[in-house]
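Shown here: entry.txt, compact mmCIF, C-alpha atoms.
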```txt
# COMPACT_ATOMS: atom_id res chain seq x y z
CA MET A 1 0.00 0.00 0.00
CA THR A 2 2.76 2.43 0.96
CA VAL A 3 4.67 1.63 -2.21
CA ILE A 4 1.67 2.24 -4.43
CA LEU A 5 0.92 5.51 -2.64
CA SER A 6 4.51 6.73 -2.94
CA VAL A 7 4.82 5.87 -6.61
CA THR A 8 1.47 7.44 -7.44
CA LEU A 9 2.25 10.57 -5.46
CA LEU A 10 5.65 11.05 -7.10
CA ALA A 11 4.20 10.42 -10.55
CA VAL A 12 1.42 12.94 -9.96
CA ILE A 13 3.87 15.62 -8.74
CA ALA A 14 6.27 14.93 -11.62
CA PHE A 15 3.54 15.16 -14.25
CA ALA A 16 2.08 18.27 -12.63
CA SER A 17 5.43 20.08 -12.73
CA ALA A 18 6.10 18.92 -16.30
CA TRP A 19 2.67 20.17 -17.34
CA LEU A 20 3.27 23.53 -15.65
CA LEU A 21 6.60 23.90 -17.46
CA ARG A 22 4.89 23.06 -20.76
CA ILE A 23 2.19 25.64 -20.16
CA GLY A 24 4.84 28.22 -19.25
CA GLY A 25 6.90 27.34 -22.33
CA GLN A 26 4.04 27.88 -24.73
CA HIS A 27 4.13 31.61 -24.18
CA ARG A 28 7.60 31.67 -25.66
CA ASP A 29 6.32 32.37 -29.15
CA GLU A 30 7.46 34.90 -31.71
CA ARG A 31 5.80 37.83 -30.01
CA SER A 32 7.40 37.33 -26.61
CA ARG A 33 10.93 36.96 -27.97
CA SER A 34 12.89 40.07 -27.26
CA ALA A 35 13.02 42.74 -29.92
CA VAL A 36 16.82 42.55 -29.97
CA GLU A 37 16.74 38.89 -30.98
CA ARG A 38 14.22 39.46 -33.73
CA ILE A 39 16.22 42.38 -35.15
CA ASN A 40 19.41 40.33 -34.86
CA ASP A 41 17.84 37.49 -36.86
CA LEU A 42 17.31 39.86 -39.80
CA LEU A 43 20.91 41.10 -39.88
CA PRO A 44 23.38 39.28 -42.17
CA GLN A 45 25.75 38.22 -39.32
CA THR A 46 28.87 39.29 -41.19
CA GLN A 47 30.12 40.97 -37.97
CA CYS A 48 31.91 43.48 -40.21
CA GLY A 49 31.31 46.48 -37.94
CA ARG A 50 30.58 48.83 -40.87
CA CYS A 51 27.44 50.03 -39.09
CA GLY A 52 29.69 51.58 -36.44
CA TYR A 53 29.01 48.93 -33.81
CA ALA A 54 31.19 46.00 -32.79
CA GLY A 55 29.01 43.41 -34.52
CA CYS A 56 25.53 42.51 -35.61
CA ARG A 57 24.10 41.97 -32.13
CA PRO A 58 25.39 45.31 -30.72
CA TYR A 59 23.84 46.99 -33.79
CA ALA A 60 20.56 45.16 -33.13
CA GLU A 61 20.66 46.35 -29.51
CA ALA A 62 21.30 49.92 -30.69
CA ILE A 63 18.34 49.74 -33.09
CA ALA A 64 16.16 48.41 -30.29
CA ARG A 65 17.21 51.36 -28.11
CA HIS A 66 16.41 53.75 -31.01
CA GLU A 67 20.04 54.91 -31.05
CA ALA A 68 20.82 53.68 -34.57
CA ARG A 69 18.92 53.96 -37.86
CA ILE A 70 17.99 50.88 -39.86
CA ASN A 71 20.01 51.94 -42.92
CA GLN A 72 23.55 51.36 -41.63
CA CYS A 73 24.15 47.81 -42.86
CA PRO A 74 25.89 47.65 -46.28
CA PRO A 75 26.24 43.82 -46.44
CA GLY A 76 22.52 43.42 -45.87
CA GLY A 77 21.65 46.12 -48.37
CA ASP A 78 18.15 47.05 -49.43
CA ALA A 79 16.68 43.65 -48.53
CA THR A 80 17.72 43.97 -44.86
CA ILE A 81 16.46 47.55 -44.68
CA LEU A 82 13.10 46.45 -46.10
CA ASN A 83 12.82 43.59 -43.58
CA LEU A 84 13.81 45.83 -40.66
CA ALA A 85 11.34 48.53 -41.71
CA GLU A 86 8.60 45.91 -41.89
CA LEU A 87 9.48 44.49 -38.45
CA LEU A 88 9.74 47.86 -36.73
CA GLY A 89 6.97 49.63 -38.61
CA GLU A 90 9.31 52.37 -39.78
CA ASP A 91 9.78 54.06 -43.15
CA VAL A 92 12.12 52.48 -45.71
CA LEU A 93 15.33 54.53 -45.97
CA PRO A 94 18.07 54.39 -48.60
CA LEU A 95 21.36 52.86 -47.41
CA ASN A 96 23.47 55.50 -45.68
CA PRO A 97 26.54 55.93 -47.96
CA ARG A 98 28.63 56.91 -44.92
CA HIS A 99 28.68 53.22 -43.94
CA GLY A 100 29.46 51.84 -47.41
CA ARG A 101 27.80 50.62 -50.57
CA GLU A 102 25.96 47.37 -51.19
CA GLN A 103 28.24 44.85 -52.86
CA PRO A 104 27.74 41.40 -54.36
CA PRO A 105 28.67 38.53 -52.00
CA GLN A 106 32.42 38.24 -51.65
CA VAL A 107 35.12 36.34 -49.79
CA VAL A 108 38.77 37.13 -49.15
CA VAL A 109 41.65 35.01 -50.42
CA ILE A 110 45.14 34.87 -48.92
CA ASP A 111 48.06 34.77 -51.36
CA GLU A 112 49.69 31.81 -49.69
CA ALA A 113 53.08 32.34 -51.33
CA VAL A 114 53.38 35.81 -49.79
CA CYS A 115 51.91 35.09 -46.33
CA ILE A 116 54.54 35.27 -43.57
CA GLY A 117 52.38 33.69 -40.85
CA CYS A 118 52.05 36.69 -38.53
CA THR A 119 48.55 35.64 -37.22
CA LYS A 120 47.34 39.28 -37.30
CA CYS A 121 44.50 38.48 -39.71
CA ILE A 122 43.42 35.56 -37.49
CA GLN A 123 43.01 37.93 -34.56
CA ALA A 124 41.05 40.38 -36.70
CA CYS A 125 38.60 37.81 -38.13
CA PRO A 126 35.26 38.10 -36.32
CA VAL A 127 33.96 34.71 -37.48
CA ASP A 128 37.15 32.61 -37.04
CA ALA A 129 37.31 31.80 -40.74
CA ILE A 130 41.13 31.96 -41.00
CA VAL A 131 43.29 29.02 -39.95
CA GLY A 132 47.04 29.07 -39.45
CA ALA A 133 49.77 29.19 -36.84
CA PRO A 134 52.68 31.55 -36.08
CA THR A 135 55.31 31.51 -38.88
CA LEU A 136 53.19 29.02 -40.83
CA MET A 137 51.02 29.80 -43.82
CA HIS A 138 47.42 30.94 -43.21
CA THR A 139 44.39 30.28 -45.34
CA VAL A 140 40.74 31.31 -45.45
CA ILE A 141 37.90 28.83 -45.05
CA ALA A 142 35.73 30.11 -47.89
CA SER A 143 32.51 28.59 -46.56
CA ARG A 144 32.91 30.51 -43.26
CA CYS A 145 34.20 33.82 -44.67
CA THR A 146 31.63 36.61 -44.63
CA GLY A 147 33.71 38.98 -46.77
CA CYS A 148 33.82 41.67 -44.10
CA GLU A 149 37.36 42.80 -45.10
CA LEU A 150 38.38 43.32 -41.46
CA CYS A 151 41.48 41.15 -42.03
CA ILE A 152 42.83 43.33 -44.84
CA PRO A 153 44.12 46.39 -42.90
CA PRO A 154 46.13 44.40 -40.29
CA CYS A 155 48.05 42.37 -42.91
CA PRO A 156 51.67 43.70 -42.97
CA VAL A 157 52.49 42.22 -46.40
CA ASP A 158 49.17 42.97 -48.18
CA CYS A 159 48.64 39.38 -49.22
CA ILE A 160 44.85 39.34 -48.70
CA ALA A 161 42.65 40.10 -51.68
CA VAL A 162 38.90 40.32 -52.15
CA ALA A 163 37.32 37.87 -54.59
CA PRO A 164 33.69 37.68 -55.65
CA LEU A 165 32.02 34.61 -54.23
CA ALA A 166 32.03 31.95 -56.94
CA MET A 167 28.40 31.19 -57.67
CA THR A 168 27.54 27.50 -57.65
CA MET A 169 24.23 25.73 -58.04
CA SER A 170 24.21 24.85 -54.35
CA HIS A 171 23.83 28.41 -53.10
CA TRP A 172 22.42 30.35 -56.05
CA LYS A 173 19.31 32.32 -55.18
CA TRP A 174 16.95 34.53 -57.11
CA PRO A 175 18.25 38.06 -56.67
CA PRO A 176 16.07 40.07 -54.29
CA PRO A 177 13.91 42.67 -56.05
CA LYS A 178 15.44 46.12 -56.28
CA LEU A 179 13.63 48.70 -54.18
CA ALA A 180 12.07 51.67 -55.87
CA LEU A 181 13.32 54.28 -53.43
CA PRO A 182 12.09 57.89 -53.53
CA MET B 1 5.43 40.08 14.16
CA SER B 2 8.55 40.14 16.33
CA ALA B 3 8.91 36.39 15.90
CA LEU B 4 8.92 36.83 12.12
CA LEU B 5 11.44 39.66 12.31
CA SER B 6 13.74 37.70 14.58
CA THR B 7 13.49 34.70 12.23
CA VAL B 8 14.54 36.89 9.29
CA LEU B 9 17.44 38.32 11.27
CA ALA B 10 18.56 34.96 12.61
CA ALA B 11 18.52 33.41 9.14
CA ALA B 12 20.28 36.37 7.52
CA VAL B 13 22.95 37.14 10.11
CA GLY B 14 23.38 34.69 12.97
CA GLY B 15 22.68 31.45 11.19
CA ASN B 16 23.80 32.59 7.75
CA LEU B 17 23.76 29.36 5.73
CA ALA B 18 26.75 30.31 3.59
CA LEU B 19 29.08 31.34 6.41
CA ASP B 20 27.70 29.43 9.40
CA GLY B 21 26.49 26.33 7.58
CA LEU B 22 29.14 26.48 4.82
CA LEU B 23 26.50 25.60 2.22
CA GLY B 24 26.31 26.82 -1.37
CA LEU B 25 30.02 27.50 -1.66
CA CYS B 26 30.20 26.45 -5.32
CA PRO B 27 28.28 29.50 -6.64
CA LEU B 28 30.21 31.68 -4.20
CA LEU B 29 33.41 30.60 -5.94
CA ALA B 30 32.01 30.34 -9.46
CA VAL B 31 30.08 33.56 -10.00
CA SER B 32 31.95 35.96 -7.73
CA ARG B 33 34.40 37.00 -10.42
CA LYS B 34 32.28 39.69 -12.05
CA HIS B 35 29.93 42.08 -10.34
CA GLU B 36 27.05 41.89 -12.85
CA VAL B 37 27.03 38.10 -12.82
CA ALA B 38 27.12 37.98 -9.03
CA ALA B 39 24.31 40.54 -8.80
CA GLY B 40 22.21 38.45 -11.20
CA MET B 41 22.79 35.35 -9.10
CA ALA B 42 21.95 37.25 -5.90
CA LEU B 43 18.74 38.54 -7.45
CA MET B 44 17.82 35.06 -8.64
CA THR B 45 18.38 33.66 -5.15
CA VAL B 46 16.27 36.35 -3.49
CA VAL B 47 13.41 35.75 -5.95
CA ALA B 48 13.58 31.98 -6.32
CA LEU B 49 14.45 30.71 -2.84
CA PRO B 50 11.46 32.15 -0.91
CA SER B 51 8.94 31.13 -3.58
CA TYR B 52 10.48 27.66 -3.70
CA CYS B 53 10.41 27.24 0.09
CA VAL B 54 6.80 28.44 0.34
CA LEU B 55 5.73 26.04 -2.42
CA ALA B 56 7.59 23.20 -0.73
CA TYR B 57 5.97 23.97 2.62
CA MET B 58 2.51 24.07 1.05
CA LEU B 59 3.15 20.71 -0.62
CA LYS B 60 4.32 19.27 2.67
CA ALA B 61 1.46 20.63 4.78
CA TRP B 62 -1.37 19.98 2.33
CA VAL B 63 -0.26 16.90 0.38
CA LEU B 64 2.49 14.93 2.08
CA GLN B 65 1.34 15.17 5.70
CA PRO B 66 -2.34 14.25 5.11
CA LEU B 67 -1.22 11.24 3.05
CA ASN B 68 1.32 10.28 5.72
CA ALA B 69 4.10 10.32 3.10
CA GLU B 70 6.61 12.67 4.71
CA SER B 71 9.43 10.26 3.99
CA LEU B 72 9.14 11.27 0.33
CA ALA B 73 9.91 14.90 1.16
CA LEU B 74 13.53 14.93 -0.05
CA VAL B 75 12.70 13.33 -3.42
CA VAL B 76 9.82 15.74 -3.93
CA TRP B 77 12.05 18.73 -3.10
CA VAL B 78 14.60 17.66 -5.71
CA LEU B 79 11.85 17.23 -8.31
CA LEU B 80 10.44 20.63 -7.46
CA LEU B 81 13.89 22.21 -7.55
CA ALA B 82 14.55 20.81 -11.03
CA THR B 83 11.28 22.36 -12.21
CA PHE B 84 12.25 25.68 -10.67
CA VAL B 85 15.67 25.71 -12.30
CA VAL B 86 14.22 24.99 -15.75
CA ALA B 87 11.67 27.77 -15.29
CA ALA B 88 14.33 30.19 -14.00
CA GLY B 89 16.59 29.37 -16.96
CA ARG B 90 13.80 30.07 -19.44
CA TRP B 91 12.88 33.31 -17.75
CA LEU B 92 16.52 34.41 -17.68
CA SER B 93 17.13 33.55 -21.34
CA ARG B 94 14.13 35.66 -22.29
CA SER B 95 14.65 38.67 -20.06
CA ARG B 96 18.45 38.85 -19.73
CA PRO B 97 20.03 36.90 -22.62
CA ALA B 98 23.52 38.25 -21.95
CA LEU B 99 23.42 37.12 -18.32
CA HIS B 100 22.04 33.75 -19.39
CA GLU B 101 24.93 33.32 -21.78
CA SER B 102 27.46 34.21 -19.11
CA TYR B 103 26.16 31.37 -16.91
CA GLY B 104 26.19 28.98 -19.86
CA VAL B 105 25.78 25.33 -18.99
CA TYR B 106 26.44 26.05 -15.33
CA LEU B 107 23.00 27.53 -14.66
CA PRO B 108 21.50 24.21 -13.45
CA VAL B 109 24.60 23.56 -11.35
CA LEU B 110 24.34 27.02 -9.81
CA GLY B 111 20.61 26.73 -9.27
CA VAL B 112 20.49 23.24 -7.78
CA ASN B 113 22.99 23.84 -5.03
CA CYS B 114 23.16 22.57 -1.51
CA LEU B 115 22.13 25.98 -0.17
CA VAL B 116 18.67 25.75 -1.69
CA LEU B 117 18.19 22.15 -0.63
CA GLY B 118 19.56 22.89 2.85
CA ALA B 119 17.32 25.93 3.22
CA VAL B 120 14.18 24.05 2.23
CA LEU B 121 15.00 21.12 4.51
CA LEU B 122 15.70 23.38 7.48
CA ALA B 123 12.69 25.57 6.75
CA THR B 124 10.20 22.71 6.47
CA THR B 125 11.49 20.86 9.51
CA ARG B 126 12.05 23.79 11.87
CA ALA B 127 9.36 26.30 10.99
CA ASP B 128 5.74 25.31 11.46
CA SER B 129 3.77 28.05 9.74
CA LEU B 130 3.72 29.46 6.23
CA PHE B 131 4.81 32.92 7.37
CA LEU B 132 7.68 31.56 9.43
CA VAL B 133 8.89 29.56 6.41
CA LEU B 134 8.63 32.66 4.23
CA ALA B 135 10.52 34.72 6.80
CA TYR B 136 13.23 32.09 7.16
CA ALA B 137 13.63 31.75 3.38
CA LEU B 138 13.72 35.52 2.87
CA GLY B 139 16.36 35.88 5.57
CA THR B 140 18.44 33.05 4.16
CA ALA B 141 18.26 34.43 0.63
CA ALA B 142 19.11 37.97 1.75
CA GLY B 143 22.02 36.73 3.83
CA TYR B 144 23.34 34.63 0.96
CA ALA B 145 22.99 37.48 -1.53
CA ALA B 146 24.86 39.79 0.84
CA VAL B 147 27.71 37.29 1.29
CA LEU B 148 27.91 36.77 -2.48
CA LEU B 149 28.18 40.51 -3.14
CA VAL B 150 30.72 41.01 -0.35
CA ILE B 151 32.86 38.15 -1.67
CA THR B 152 32.72 39.66 -5.16
CA ASP B 153 33.95 42.99 -3.87
CA LEU B 154 36.65 41.36 -1.78
CA ARG B 155 37.74 39.35 -4.79
CA GLU B 156 38.21 42.51 -6.82
CA ARG B 157 40.49 43.69 -4.04
CA LEU B 158 42.29 40.35 -3.92
CA ALA B 159 42.92 40.48 -7.67
CA MET B 160 45.07 43.60 -7.15
CA THR B 161 46.96 42.17 -4.18
CA PRO B 162 50.36 40.55 -4.72
CA LEU B 163 49.87 37.04 -3.32
CA PRO B 164 52.23 34.06 -3.26
CA LEU B 165 51.48 31.75 -6.18
CA PRO B 166 49.85 28.86 -4.23
CA MET B 167 47.45 31.30 -2.57
CA ARG B 168 46.07 32.90 -5.73
CA GLY B 169 42.59 32.24 -7.04
CA ALA B 170 40.26 29.86 -5.23
CA ALA B 171 42.61 29.36 -2.26
CA ALA B 172 42.56 33.04 -1.33
CA VAL B 173 38.78 33.14 -1.71
CA LEU B 174 38.32 30.14 0.57
CA VAL B 175 40.60 31.67 3.22
CA THR B 176 38.64 34.93 2.93
CA LEU B 177 35.41 33.00 3.37
CA GLY B 178 36.84 31.39 6.51
CA LEU B 179 37.80 34.79 7.93
CA LEU B 180 34.33 36.16 7.14
CA SER B 181 32.84 33.13 8.85
CA LEU B 182 35.01 33.78 11.94
CA ALA B 183 33.87 37.38 12.00
CA LEU B 184 30.26 36.24 11.87
CA MET B 185 30.69 33.83 14.77
CA GLY B 186 30.50 36.80 17.10
CA LEU B 187 26.98 37.48 15.86
CA ARG B 188 25.73 33.98 16.55
CA GLY B 189 22.54 34.12 18.58
CA VAL B 190 21.33 37.36 17.01
CA GLY B 191 17.64 37.28 16.32
```
structure tokens encoding of this file:
Amino acid sequence: MTVILSVTLLAVIAFASAWLLRIGGQHRDERSRSAVERINDLLPQTQCGRCGYAGCRPYAEAIARHEARINQCPPGGDATILNLAELLGEDVLPLNPRHGREQPPQVVVIDEAVCIGCTKCIQACPVDAIVGAPTLMHTVIASRCTGCELCIPPCPVDCIAVAPLAMTMSHWKWPPPKLALP
Amino acid sequence: MSALLSTVLAAAVGGNLALDGLLGLCPLLAVSRKHEVAAGMALMTVVALPSYCVLAYMLKAWVLQPLNAESLALVVWVLLLATFVVAAGRWLSRSRPALHESYGVYLPVLGVNCLVLGAVLLATTRADSLFLVLAYALGTAAGYAAVLLVITDLRERLAMTPLPLPMRGAAAVLVTLGLLSLALMGLRGVG
């Protein structure tokens, strides 16, 4: 009798707490996610810092605090501005030229014959897309590179060059429609 | 009223669970490195511990005792604590994502610590009314939060002090904790 009572009691308490957690978790839908996270999801995650902030998330936080405009992200271009304007209910603005121009997708390539292995570009890379070791040759992992160009200024021998991202069937997309901006 | 007040004082100062009972030392060592993280942990303790103790007492008084199943108390407390930690983690990840990230995978470890379990065991065995349990839990949580913040400040001081190599880091913090505990011994019986 005691055994049955104990097992039943524990099972009831366990299921009650699990049910309460489930009920509590259901409120975690799109609307209750923080504004910063939803803005951050729309940004291209290049972490290039061209918006004037240290990365995409700091920029998202600044937008959420109404400190930054939505038109400071050159890698995202018009498509990102359109999405942000839709999310925040603001007017669509043209990309601020102070932060750069919209470019086609690109990666950087290290001229491996010239590289002296100084590791400076590795420290500058925000997405850890460069591999290498001191005094040994470095190279860029093209699938991880966001083309942010942050590694180019630190290079002492100028062996890093920008290359357009080679388009293959695996990642070709319809180009986003151009915005008719006033 | 005075009984409640003296319970709060006794739990916070005289019988401080961290310094007198030496419970919950793992978060004291783990999150006392940065002030924001320690403040978040202190806030979480002050919010979660009293609500947890009150819920546990209600379960004990209204479910376990009538069914004569008080021997299950410890298992039920652990189950309840696991629920609380999951809920606290979700709430933290939604309201303070940066803080949640700084705890990382350690959040359950920090939440399910011996301090919480010790507090709920002591509260439900010693106190015999809902308000006394609430007062005891509030006092314990406040005392723990205060010790956590004091240790964080002391650690900032310790970081600038030239110490012999074997004493740096956790060793110095543990010795500091011992000295704090000695200092608190004089206040035993307050409340």
Two-atom distance - atom CA of B:Leu81, atom CA of A:Ala14 (Å): 11.3 Å
Hey, which bits of chain B sit within 10 Å of chain A, and for each residue what's the closest pair of atoms and how far apart in Å (one decimal), counting only C-alpha atoms, rows by chain and increasing number, as a Markdown table?
```
| residue | atom | partner | partner_atom | distance |
| --- | --- | --- | --- | --- |
| B:Leu59 | CA | A:Ile13 | CA | 9.6 |
| B:Val63 | CA | A:Leu9 | CA | 9.0 |
| B:Leu64 | CA | A:Leu9 | CA | 8.7 |
| B:Leu67 | CA | A:Leu5 | CA | 8.4 |
| B:Asn68 | CA | A:Thr2 | CA | 9.3 |
| B:Ala69 | CA | A:Ser6 | CA | 7.0 |
| B:Glu70 | CA | A:Ser6 | CA | 9.9 |
| B:Ser71 | CA | A:Ser6 | CA | 9.2 |
| B:Leu72 | CA | A:Ser6 | CA | 7.3 |
| B:Val75 | CA | A:Leu10 | CA | 8.3 |
| B:Val76 | CA | A:Leu10 | CA | 7.0 |
| B:Leu79 | CA | A:Ala14 | CA | 6.9 |
| B:Leu80 | CA | A:Ser17 | CA | 7.3 |
| B:Ala82 | CA | A:Ser17 | CA | 9.3 |
| B:Thr83 | CA | A:Ser17 | CA | 6.3 |
| B:Phe84 | CA | A:Leu21 | CA | 9.0 |
| B:Val86 | CA | A:Leu21 | CA | 7.9 |
| B:Ala87 | CA | A:Leu21 | CA | 6.7 |
| B:Arg90 | CA | A:Gly25 | CA | 8.0 |
| B:Trp91 | CA | A:Gly25 | CA | 9.6 |
| B:Ser93 | CA | A:Arg33 | CA | 9.7 |
| B:Arg94 | CA | A:Arg33 | CA | 6.6 |
| B:Ser95 | CA | A:Ser34 | CA | 7.5 |
| B:Arg96 | CA | A:Ser34 | CA | 9.4 |
| B:Pro97 | CA | A:Ser34 | CA | 9.1 |
```
Best match for closeness to B:Leu132 among B:Gly89, B:Pro50, B:Gly178, B:Pro166, counting only C-alpha atoms: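 Of all the options, B:Pro50 lies closest to B:Leu132.
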For B:Leu138, the nearest of the candidates B:Ala38, B:Leu55, B:Thr45, B:Leu22, counting all atoms listed in the file: B:Thr45
Selection near stretch 112-119 of chain A, 8 Å with only C-alpha atoms, sequence-local residues under 3 positions removed, as number ranges by chain: A: 122-123, 132-139, 157, 159
Proximity to B:Leu179 - best of B:Leu165, B:Leu154, B:Leu130, B:Ala12, all atoms listed in the file: B:Leu154
Residues near A:Leu95, cut-off 10 Å, only C-alpha atoms, skip fewer than 5 positions along chain, as a ChimeraX atom specification: /A:69-74,76-78,80-81,100-102
d(atom CA of A:Asp128, atom CA of A:Ser170) in Å: 23.0 Å
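All residues that come within 8 Å of the coordinates (31.9, 36.9, -18.4), counting only C-alpha atoms, are given as Lys34, Val37 and Ser102 of chain B.
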Mind writing the picked residues with C-alpha atoms as a PDB file, in the frame of the given file?
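Below is the file that was written, out_24.pdb:
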```pdb
ATOM      1  CA  LYS B  34      32.280  39.690 -12.050  1.00  0.00           C
ATOM      2  CA  VAL B  37      27.030  38.100 -12.820  1.00  0.00           C
ATOM      3  CA  SER B 102      27.460  34.210 -19.110  1.00  0.00           C
TER       4      SER B 102
END
```
Long-range neighbours of B:Leu29 as a ChimeraX atom specification, 8 Å cut-off, only C-alpha atoms, 3 positions minimum in chain: /B:25-26,32-33,170,173
